[in-house]
$ cat data.cif   # mmCIF, C-alpha atoms and all ligand atoms
data_entry
loop_
_atom_site.group_PDB
_atom_site.id
_atom_site.type_symbol
_atom_site.label_atom_id
_atom_site.label_comp_id
_atom_site.auth_asym_id
_atom_site.auth_seq_id
_atom_site.Cartn_x
_atom_site.Cartn_y
_atom_site.Cartn_z
ATOM 1 C CA MET A 1 11.458 -12.632 -28.382
ATOM 2 C CA PRO A 2 14.793 -11.753 -26.782
ATOM 3 C CA VAL A 3 15.319 -13.819 -23.659
ATOM 4 C CA ASN A 4 18.336 -12.021 -22.231
ATOM 5 C CA LYS A 5 16.303 -9.167 -20.776
ATOM 6 C CA PRO A 6 15.192 -9.067 -17.160
ATOM 7 C CA LEU A 7 11.565 -10.109 -16.767
ATOM 8 C CA VAL A 8 9.605 -8.129 -14.199
ATOM 9 C CA PHE A 9 6.265 -8.908 -12.607
ATOM 10 C CA LEU A 10 4.964 -5.584 -11.311
ATOM 11 C CA ASP A 11 2.181 -5.360 -8.793
ATOM 12 C CA LEU A 12 -0.462 -2.787 -9.804
ATOM 13 C CA ASP A 13 -2.087 -1.331 -6.692
ATOM 14 C CA ASP A 14 0.127 1.005 -4.676
ATOM 15 C CA THR A 15 3.101 0.016 -6.857
ATOM 16 C CA ILE A 16 2.117 1.526 -10.237
ATOM 17 C CA LEU A 17 -1.255 3.118 -9.490
ATOM 18 C CA ASP A 18 -2.128 4.922 -6.258
ATOM 19 C CA PHE A 19 -4.810 2.613 -4.941
ATOM 20 C CA THR A 20 -5.065 4.411 -1.605
ATOM 21 C CA TRP A 21 -6.187 7.566 -3.443
ATOM 22 C CA ALA A 22 -8.605 5.616 -5.674
ATOM 23 C CA GLU A 23 -10.036 3.746 -2.703
ATOM 24 C CA ARG A 24 -10.682 6.917 -0.699
ATOM 25 C CA ARG A 25 -12.237 8.670 -3.659
ATOM 26 C CA ALA A 26 -14.625 5.814 -4.493
ATOM 27 C CA LEU A 27 -15.477 5.177 -0.842
ATOM 28 C CA SER A 28 -16.232 8.840 -0.187
ATOM 29 C CA ILE A 29 -18.705 8.939 -3.070
ATOM 30 C CA ALA A 30 -20.319 5.612 -2.138
ATOM 31 C CA PHE A 31 -20.645 6.510 1.550
ATOM 32 C CA ARG A 32 -22.105 9.964 0.829
ATOM 33 C CA GLU A 33 -24.679 8.433 -1.505
ATOM 34 C CA VAL A 34 -26.122 6.493 1.444
ATOM 35 C CA GLY A 35 -25.881 9.385 3.901
ATOM 36 C CA LEU A 36 -22.642 8.371 5.634
ATOM 37 C CA GLU A 37 -20.024 11.068 6.200
ATOM 38 C CA PRO A 38 -16.662 9.711 4.948
ATOM 39 C CA THR A 39 -14.548 11.007 7.846
ATOM 40 C CA PRO A 40 -10.794 10.308 7.677
ATOM 41 C CA GLU A 41 -11.245 8.048 10.696
ATOM 42 C CA LEU A 42 -14.010 5.985 9.035
ATOM 43 C CA LEU A 43 -11.966 5.657 5.815
ATOM 44 C CA GLU A 44 -8.893 4.612 7.777
ATOM 45 C CA ARG A 45 -10.862 1.966 9.698
ATOM 46 C CA TYR A 46 -12.275 0.603 6.432
ATOM 47 C CA HIS A 47 -8.732 0.506 5.010
ATOM 48 C CA GLU A 48 -7.492 -1.541 7.991
ATOM 49 C CA ILE A 49 -10.400 -3.979 7.803
ATOM 50 C CA ASN A 50 -9.961 -4.312 4.040
ATOM 51 C CA ILE A 51 -6.275 -5.208 4.347
ATOM 52 C CA SER A 52 -7.029 -7.779 7.050
ATOM 53 C CA GLN A 53 -9.648 -9.415 4.808
ATOM 54 C CA TRP A 54 -7.318 -9.559 1.772
ATOM 55 C CA GLU A 55 -4.689 -11.178 3.998
ATOM 56 C CA LEU A 56 -7.250 -13.864 4.858
ATOM 57 C CA LEU A 57 -7.743 -14.397 1.107
ATOM 58 C CA GLU A 58 -3.958 -14.662 0.653
ATOM 59 C CA GLU A 59 -3.972 -17.354 3.364
ATOM 60 C CA GLY A 60 -6.763 -19.215 1.574
ATOM 61 C CA VAL A 61 -9.287 -18.615 4.392
ATOM 62 C CA LEU A 62 -11.711 -16.413 2.428
ATOM 63 C CA THR A 63 -12.835 -16.283 -1.197
ATOM 64 C CA ARG A 64 -12.751 -13.080 -3.229
ATOM 65 C CA ASP A 65 -16.529 -12.700 -3.087
ATOM 66 C CA GLN A 66 -16.466 -13.070 0.699
ATOM 67 C CA VAL A 67 -13.784 -10.384 1.011
ATOM 68 C CA LEU A 68 -15.731 -7.918 -1.132
ATOM 69 C CA VAL A 69 -18.772 -8.079 1.162
ATOM 70 C CA ARG A 70 -17.206 -8.841 4.549
ATOM 71 C CA ARG A 71 -15.047 -5.699 4.613
ATOM 72 C CA PHE A 72 -18.211 -3.572 4.575
ATOM 73 C CA ALA A 73 -20.255 -5.934 6.754
ATOM 74 C CA LEU A 74 -17.589 -5.833 9.472
ATOM 75 C CA LEU A 75 -17.296 -2.043 9.311
ATOM 76 C CA PHE A 76 -21.065 -1.584 9.468
ATOM 77 C CA ALA A 77 -21.408 -4.059 12.362
ATOM 78 C CA GLU A 78 -18.641 -2.290 14.280
ATOM 79 C CA ARG A 79 -20.270 1.137 13.780
ATOM 80 C CA GLY A 80 -23.902 0.089 14.121
ATOM 81 C CA ILE A 81 -24.602 1.204 10.546
ATOM 82 C CA CYS A 82 -27.776 -0.229 9.006
ATOM 83 C CA HIS A 83 -27.031 -0.558 5.309
ATOM 84 C CA SER A 84 -26.576 -3.434 2.910
ATOM 85 C CA ALA A 85 -22.893 -4.406 2.693
ATOM 86 C CA GLU A 86 -23.598 -6.128 -0.634
ATOM 87 C CA GLN A 87 -25.133 -3.016 -2.174
ATOM 88 C CA LEU A 88 -22.431 -0.678 -0.945
ATOM 89 C CA GLY A 89 -19.728 -3.114 -2.034
ATOM 90 C CA GLU A 90 -21.123 -3.306 -5.550
ATOM 91 C CA ARG A 91 -21.419 0.462 -5.862
ATOM 92 C CA TYR A 92 -17.883 0.956 -4.546
ATOM 93 C CA GLU A 93 -16.445 -1.591 -7.014
ATOM 94 C CA PHE A 94 -18.184 0.245 -9.836
ATOM 95 C CA LEU A 95 -16.870 3.649 -8.731
ATOM 96 C CA LEU A 96 -13.359 2.246 -8.374
ATOM 97 C CA ARG A 97 -13.168 1.776 -12.133
ATOM 98 C CA ASP A 98 -13.143 5.529 -12.774
ATOM 99 C CA GLY A 99 -10.028 7.615 -12.679
ATOM 100 C CA HIS A 100 -6.479 6.890 -11.694
ATOM 101 C CA ARG A 101 -3.429 8.510 -10.199
ATOM 102 C CA PHE A 102 0.109 7.206 -10.672
ATOM 103 C CA ILE A 103 2.477 6.457 -7.824
ATOM 104 C CA PRO A 104 5.245 9.090 -8.093
ATOM 105 C CA GLY A 105 7.907 7.849 -10.508
ATOM 106 C CA ALA A 106 5.779 5.018 -11.929
ATOM 107 C CA GLU A 107 5.314 6.446 -15.428
ATOM 108 C CA GLU A 108 9.004 7.324 -15.591
ATOM 109 C CA LEU A 109 9.863 3.778 -14.508
ATOM 110 C CA LEU A 110 7.644 2.192 -17.158
ATOM 111 C CA ARG A 111 9.039 4.430 -19.902
ATOM 112 C CA SER A 112 12.568 3.675 -18.721
ATOM 113 C CA LEU A 113 12.058 -0.097 -18.701
ATOM 114 C CA GLN A 114 10.045 -0.280 -21.923
ATOM 115 C CA GLY A 115 12.014 -2.271 -24.490
ATOM 116 C CA ARG A 116 14.789 -3.061 -21.982
ATOM 117 C CA ALA A 117 12.841 -5.438 -19.753
ATOM 118 C CA ARG A 118 9.922 -7.791 -20.268
ATOM 119 C CA LEU A 119 7.102 -6.323 -18.172
ATOM 120 C CA PHE A 120 4.054 -8.082 -16.757
ATOM 121 C CA ILE A 121 1.350 -6.913 -14.368
ATOM 122 C CA ALA A 122 0.736 -9.319 -11.483
ATOM 123 C CA SER A 123 -2.345 -8.177 -9.570
ATOM 124 C CA ASN A 124 -4.750 -9.679 -7.069
ATOM 125 C CA GLY A 125 -7.588 -7.322 -7.951
ATOM 126 C CA CYS A 126 -10.973 -7.998 -9.541
ATOM 127 C CA ALA A 127 -10.774 -8.383 -13.312
ATOM 128 C CA ALA A 128 -13.498 -5.862 -14.238
ATOM 129 C CA VAL A 129 -12.071 -3.222 -11.914
ATOM 130 C CA GLN A 130 -8.435 -3.760 -12.850
ATOM 131 C CA ASP A 131 -9.167 -3.899 -16.615
ATOM 132 C CA ALA A 132 -10.880 -0.503 -16.366
ATOM 133 C CA ARG A 133 -8.101 1.042 -14.258
ATOM 134 C CA ILE A 134 -5.391 -0.291 -16.583
ATOM 135 C CA ALA A 135 -7.222 1.103 -19.616
ATOM 136 C CA SER A 136 -7.870 4.436 -17.896
ATOM 137 C CA ALA A 137 -4.159 4.818 -17.127
ATOM 138 C CA GLY A 138 -3.096 3.676 -20.632
ATOM 139 C CA LEU A 139 -0.878 0.950 -19.190
ATOM 140 C CA GLU A 140 -1.364 -1.792 -21.800
ATOM 141 C CA LYS A 141 1.350 -0.459 -24.082
ATOM 142 C CA TYR A 142 4.055 -1.099 -21.491
ATOM 143 C CA PHE A 143 3.193 -4.706 -20.719
ATOM 144 C CA GLU A 144 3.728 -7.971 -22.555
ATOM 145 C CA GLY A 145 1.094 -9.604 -20.378
ATOM 146 C CA ILE A 146 -1.416 -8.790 -17.653
ATOM 147 C CA PHE A 147 -2.157 -11.410 -15.001
ATOM 148 C CA ILE A 148 -5.208 -10.612 -12.863
ATOM 149 C CA SER A 149 -5.767 -13.261 -10.214
ATOM 150 C CA GLU A 150 -9.522 -13.489 -10.686
ATOM 151 C CA ARG A 151 -8.955 -14.368 -14.339
ATOM 152 C CA LEU A 152 -6.183 -16.853 -13.561
ATOM 153 C CA GLY A 153 -8.251 -18.650 -10.925
ATOM 154 C CA ALA A 154 -5.505 -18.341 -8.306
ATOM 155 C CA ASP A 155 -4.237 -15.500 -6.110
ATOM 156 C CA LYS A 156 -0.846 -14.187 -5.053
ATOM 157 C CA PRO A 157 1.027 -15.461 -3.065
ATOM 158 C CA SER A 158 0.022 -19.005 -4.085
ATOM 159 C CA SER A 159 2.522 -20.951 -6.159
ATOM 160 C CA GLU A 160 -0.410 -21.882 -8.405
ATOM 161 C CA TYR A 161 -0.844 -18.209 -9.353
ATOM 162 C CA PHE A 162 2.783 -17.904 -10.375
ATOM 163 C CA ARG A 163 2.827 -21.303 -12.085
ATOM 164 C CA ARG A 164 -0.046 -20.160 -14.310
ATOM 165 C CA CYS A 165 1.769 -16.900 -15.107
ATOM 166 C CA PHE A 166 4.972 -18.736 -16.015
ATOM 167 C CA ALA A 167 3.076 -21.156 -18.246
ATOM 168 C CA ALA A 168 1.626 -18.241 -20.230
ATOM 169 C CA ILE A 169 4.993 -16.586 -20.934
ATOM 170 C CA PRO A 170 7.019 -17.717 -23.977
ATOM 171 C CA ASP A 171 10.691 -18.428 -23.233
ATOM 172 C CA PHE A 172 10.186 -17.954 -19.511
ATOM 173 C CA ASP A 173 13.466 -18.061 -17.607
ATOM 174 C CA PRO A 174 13.022 -17.927 -13.799
ATOM 175 C CA ALA A 175 16.653 -16.916 -13.319
ATOM 176 C CA MET A 176 15.884 -13.615 -15.100
ATOM 177 C CA ALA A 177 12.572 -12.993 -13.338
ATOM 178 C CA TRP A 178 11.642 -10.530 -10.603
ATOM 179 C CA MET A 179 8.587 -9.784 -8.498
ATOM 180 C CA VAL A 180 8.276 -6.123 -7.485
ATOM 181 C CA GLY A 181 5.509 -4.872 -5.229
ATOM 182 C CA ASP A 182 4.463 -3.050 -2.074
ATOM 183 C CA SER A 183 3.028 -6.060 -0.215
ATOM 184 C CA LEU A 184 5.230 -8.397 1.793
ATOM 185 C CA THR A 185 2.436 -10.918 2.269
ATOM 186 C CA SER A 186 1.370 -11.254 -1.367
ATOM 187 C CA ASP A 187 4.145 -9.905 -3.636
ATOM 188 C CA ILE A 188 7.299 -10.753 -1.733
ATOM 189 C CA ARG A 189 6.155 -13.992 -0.136
ATOM 190 C CA GLY A 190 4.681 -15.161 -3.441
ATOM 191 C CA GLY A 191 7.700 -14.155 -5.495
ATOM 192 C CA ARG A 192 10.115 -15.744 -3.047
ATOM 193 C CA ASP A 193 8.169 -19.010 -2.906
ATOM 194 C CA ALA A 194 8.027 -19.074 -6.721
ATOM 195 C CA GLY A 195 11.797 -18.737 -6.937
ATOM 196 C CA LEU A 196 11.896 -15.155 -8.257
ATOM 197 C CA HIS A 197 14.183 -12.312 -7.307
ATOM 198 C CA THR A 198 12.127 -10.054 -5.046
ATOM 199 C CA CYS A 199 12.095 -6.300 -4.552
ATOM 200 C CA TRP A 200 9.910 -4.719 -1.896
ATOM 201 C CA PHE A 201 8.658 -1.229 -2.815
ATOM 202 C CA ASN A 202 8.406 0.149 0.691
ATOM 203 C CA VAL A 203 7.443 3.728 -0.094
ATOM 204 C CA ARG A 204 5.722 4.230 3.251
ATOM 205 C CA GLY A 205 8.657 2.990 5.316
ATOM 206 C CA ARG A 206 6.716 0.124 6.869
ATOM 207 C CA PRO A 207 8.498 -2.144 9.364
ATOM 208 C CA PRO A 208 10.129 -5.304 8.013
ATOM 209 C CA ARG A 209 8.949 -8.839 8.824
ATOM 210 C CA ALA A 210 11.446 -11.452 9.958
ATOM 211 C CA ASP A 211 9.530 -14.219 8.173
ATOM 212 C CA ILE A 212 9.264 -12.457 4.772
ATOM 213 C CA VAL A 213 12.599 -10.976 3.780
ATOM 214 C CA PRO A 214 12.895 -9.473 0.280
ATOM 215 C CA ASP A 215 16.102 -9.710 -1.710
ATOM 216 C CA TYR A 216 16.002 -5.931 -2.112
ATOM 217 C CA GLU A 217 14.046 -3.053 -0.617
ATOM 218 C CA ILE A 218 13.512 0.310 -2.312
ATOM 219 C CA ARG A 219 11.741 3.516 -1.263
ATOM 220 C CA ASP A 220 11.682 5.079 -4.720
ATOM 221 C CA LEU A 221 10.818 3.339 -8.008
ATOM 222 C CA ALA A 222 13.841 5.038 -9.627
ATOM 223 C CA GLU A 223 16.014 2.652 -7.586
ATOM 224 C CA LEU A 224 14.719 -0.355 -9.532
ATOM 225 C CA PRO A 225 16.453 -0.177 -12.947
ATOM 226 C CA PRO A 226 19.999 -0.356 -11.492
ATOM 227 C CA LEU A 227 18.991 -3.463 -9.507
ATOM 228 C CA LEU A 228 17.911 -5.033 -12.790
ATOM 229 C CA GLY A 229 21.309 -4.171 -14.287
ATOM 230 C CA LEU A 230 19.756 -1.430 -16.452
HETATM 231 MG MG MG B 301 -0.076 -3.652 -4.017
#

$ encode --input "data.cif" --output "structure tokens"
Amino acid sequence: MPVNKPLVFLDLDDTILDFTWAERRALSIAFREVGLEPTPELLERYHEINISQWELLEEGVLTRDQVLVRRFALLFAERGICHSAEQLGERYEFLLRDGHRFIPGAEELLRSLQGRARLFIASNGCAAVQDARIASAGLEKYFEGIFISERLGADKPSSEYFRRCFAAIPDFDPAMAWMVGDSLTSDIRGGRDAGLHTCWFNVRGRPPRADIVPDYEIRDLAELPPLLGL
């Protein structure tokens, strides 16, 4: 295994695959099945609640199972909706496995880096869901390893998550390693704390945070290879 190549941990959701599209699609089906109209406003409110709950997981306040149910329980409580959050959550997770859409430039990036960089997926998703999405998108062929937090028993941004990734990689050299992703709180904070070079994929032009500063910020995935020296 050549060790002089850059090694890149790539986040999956909203870095390689368009999770926002997948989320809205699966939610719309799940909501309609129980008689709820998936208005843009309802989907947006769910999205906000969901992000806030994953941030609580990143901070170690909630477990994964709590997040999966609480995001629906909070939405339903807020809207006075009488439906089981557990049932809807399970149906949504199942629907999420179907279909995929790439972030613009992601396939080109993977093809461009293939063979020139060591690529790994670093994702906080659920193993069953992420396995299905990765297979559906045909992503395995690009990656030397796939690290899903549920399977590792630790989540980004914890140093334990990254320690377990490093331990599983032959000839791991932290000086050559990067973390690239769209989330400041999980990808950039985690990568920075683990001693990696960090690149924030800020496709939506979100505001920076003074406490989590990436080494690099890009708006387009095509900007990444030159940063890696490729
Ligand atoms: Mg992401």

$ residues_near_ligand --input "data.cif" --ligand "ligand MG 301 (chain B)" --cutoff "12 Å" --atoms "all atoms listed in the file" --output "compact mmCIF listing (two decimals) with C-alpha atoms, in the frame of the given file"
# COMPACT_ATOMS: atom_id res chain seq x y z
CA PHE A 9 6.26 -8.91 -12.61
CA LEU A 10 4.96 -5.58 -11.31
CA ASP A 11 2.18 -5.36 -8.79
CA LEU A 12 -0.46 -2.79 -9.80
CA ASP A 13 -2.09 -1.33 -6.69
CA ASP A 14 0.13 1.00 -4.68
CA THR A 15 3.10 0.02 -6.86
CA ILE A 16 2.12 1.53 -10.24
CA LEU A 17 -1.25 3.12 -9.49
CA ASP A 18 -2.13 4.92 -6.26
CA PHE A 19 -4.81 2.61 -4.94
CA THR A 20 -5.07 4.41 -1.60
CA ILE A 51 -6.28 -5.21 4.35
CA TRP A 54 -7.32 -9.56 1.77
CA GLU A 55 -4.69 -11.18 4.00
CA ILE A 103 2.48 6.46 -7.82
CA ILE A 121 1.35 -6.91 -14.37
CA ALA A 122 0.74 -9.32 -11.48
CA SER A 123 -2.35 -8.18 -9.57
CA ASN A 124 -4.75 -9.68 -7.07
CA GLY A 125 -7.59 -7.32 -7.95
CA LYS A 156 -0.85 -14.19 -5.05
CA PRO A 157 1.03 -15.46 -3.06
CA MET A 179 8.59 -9.78 -8.50
CA VAL A 180 8.28 -6.12 -7.48
CA GLY A 181 5.51 -4.87 -5.23
CA ASP A 182 4.46 -3.05 -2.07
CA SER A 183 3.03 -6.06 -0.22
CA LEU A 184 5.23 -8.40 1.79
CA THR A 185 2.44 -10.92 2.27
CA SER A 186 1.37 -11.25 -1.37
CA ASP A 187 4.14 -9.90 -3.64
CA ILE A 188 7.30 -10.75 -1.73
CA TRP A 200 9.91 -4.72 -1.90
CA PHE A 201 8.66 -1.23 -2.82
CA ASN A 202 8.41 0.15 0.69
CA VAL A 203 7.44 3.73 -0.09

$ residues_around --input "data.cif" --residues "A:Asp171" --least-positions-apart "2" --cutoff "12 Å" --atoms "only C-alpha atoms" --output "list in words"
Met1, Pro2, Val3, Asn4, Lys5, Leu7, Arg118, Phe166, Ala167, Ala168, Ile169, Asp173, Pro174, Ala175, Met176 and Ala177 of chain A

$ closest_residue --input "data.cif" --among "A:Ala73, A:Ala154, A:Leu27, A:Val213" --to "A:Glu59" --atoms "all atoms listed in the file"
A:Ala154

$ atom_distance --input "data.cif" --atom1 "atom CA of A:Glu23" --atom2 "atom CA of A:Glu86"
16.9 Å

$ atom_distance --input "data.cif" --atom1 "atom CA of A:Phe120" --atom2 "atom CA of A:Arg97"
20.4 Å

$ closest_residue --input "data.cif" --among "A:Leu96, A:Glu78, A:Ala194, A:Arg189" --to "A:Ala210" --atoms "all atoms listed in the file"
A:Arg189

$ resolve_selection --input "data.cif" --expression "the PyMOL selection byres (((chain A and resi 115) around 12) and not hetatm)" --output "list in words"
Met1, Pro2, Asn4, Lys5, Pro6, Leu7, Leu109, Leu110, Arg111, Ser112, Leu113, Gln114, Arg116, Ala117, Arg118, Leu119, Lys141, Tyr142, Phe143, Glu144 and Leu230 of chain A

$ write_last_selection --input "data.cif" --atoms "C-alpha atoms" --output "PDB file, keeping the file's coordinate frame"
ATOM      1  CA  MET A   1      11.458 -12.632 -28.382  1.00  0.00           C
ATOM      2  CA  PRO A   2      14.793 -11.753 -26.782  1.00  0.00           C
ATOM      3  CA  ASN A   4      18.336 -12.021 -22.231  1.00  0.00           C
ATOM      4  CA  LYS A   5      16.303  -9.167 -20.776  1.00  0.00           C
ATOM      5  CA  PRO A   6      15.192  -9.067 -17.160  1.00  0.00           C
ATOM      6  CA  LEU A   7      11.565 -10.109 -16.767  1.00  0.00           C
ATOM      7  CA  LEU A 109       9.863   3.778 -14.508  1.00  0.00           C
ATOM      8  CA  LEU A 110       7.644   2.192 -17.158  1.00  0.00           C
ATOM      9  CA  ARG A 111       9.039   4.430 -19.902  1.00  0.00           C
ATOM     10  CA  SER A 112      12.568   3.675 -18.721  1.00  0.00           C
ATOM     11  CA  LEU A 113      12.058  -0.097 -18.701  1.00  0.00           C
ATOM     12  CA  GLN A 114      10.045  -0.280 -21.923  1.00  0.00           C
ATOM     13  CA  ARG A 116      14.789  -3.061 -21.982  1.00  0.00           C
ATOM     14  CA  ALA A 117      12.841  -5.438 -19.753  1.00  0.00           C
ATOM     15  CA  ARG A 118       9.922  -7.791 -20.268  1.00  0.00           C
ATOM     16  CA  LEU A 119       7.102  -6.323 -18.172  1.00  0.00           C
ATOM     17  CA  LYS A 141       1.350  -0.459 -24.082  1.00  0.00           C
ATOM     18  CA  TYR A 142       4.055  -1.099 -21.491  1.00  0.00           C
ATOM     19  CA  PHE A 143       3.193  -4.706 -20.719  1.00  0.00           C
ATOM     20  CA  GLU A 144       3.728  -7.971 -22.555  1.00  0.00           C
ATOM     21  CA  LEU A 230      19.756  -1.430 -16.452  1.00  0.00           C
TER      22      LEU A 230
END

$ atom_distance --input "data.cif" --atom1 "atom CA of A:Gln53" --atom2 "atom CA of A:Arg71"
6.6 Å

$ resolve_selection --input "data.cif" --expression "the PyMOL selection byres (((chain A and resi 93) around 9) and not hetatm)" --output "ChimeraX atom specification"
/A:26,68,88-92,94-97,126,128-129

$ residues_around --input "data.cif" --residues "A:Gly191" --least-positions-apart "5" --cutoff "8 Å" --atoms "all atoms listed in the file" --output "list in words"
Pro157, Phe162, Trp178, Met179, Leu196, His197 and Thr198 of chain A

$ write_last_selection --input "data.cif" --atoms "C-alpha atoms" --output "PDB file, in the frame of the given file"
ATOM      1  CA  PRO A 157       1.027 -15.461  -3.065  1.00  0.00           C
ATOM      2  CA  PHE A 162       2.783 -17.904 -10.375  1.00  0.00           C
ATOM      3  CA  TRP A 178      11.642 -10.530 -10.603  1.00  0.00           C
ATOM      4  CA  MET A 179       8.587  -9.784  -8.498  1.00  0.00           C
ATOM      5  CA  LEU A 196      11.896 -15.155  -8.257  1.00  0.00           C
ATOM      6  CA  HIS A 197      14.183 -12.312  -7.307  1.00  0.00           C
ATOM      7  CA  THR A 198      12.127 -10.054  -5.046  1.00  0.00           C
TER       8      THR A 198
END

$ residues_around --input "data.cif" --residues "stretch 34-39 of chain A" --least-positions-apart "6" --cutoff "10 Å" --atoms "all atoms listed in the file" --output "list in words"
Arg24, Arg25, Leu27, Ser28, Arg45, Ile81, His83 and Leu88 of chain A

$ write_last_selection --input "data.cif" --atoms "C-alpha atoms" --output "short mmCIF file (atom, residue, chain, number, x, y, z; two decimals), keeping the file's coordinate frame"
data_model
loop_
_atom_site.label_atom_id
_atom_site.label_comp_id
_atom_site.auth_asym_id
_atom_site.auth_seq_id
_atom_site.Cartn_x
_atom_site.Cartn_y
_atom_site.Cartn_z
CA ARG A 24 -10.68 6.92 -0.70
CA ARG A 25 -12.24 8.67 -3.66
CA LEU A 27 -15.48 5.18 -0.84
CA SER A 28 -16.23 8.84 -0.19
CA ARG A 45 -10.86 1.97 9.70
CA ILE A 81 -24.60 1.20 10.55
CA HIS A 83 -27.03 -0.56 5.31
CA LEU A 88 -22.43 -0.68 -0.94
#

$ closest_residue --input "data.cif" --among "A:Gln66, A:Glu33, A:Gly80, A:Ala127" --to "A:Glu150" --atoms "only C-alpha atoms"
A:Ala127
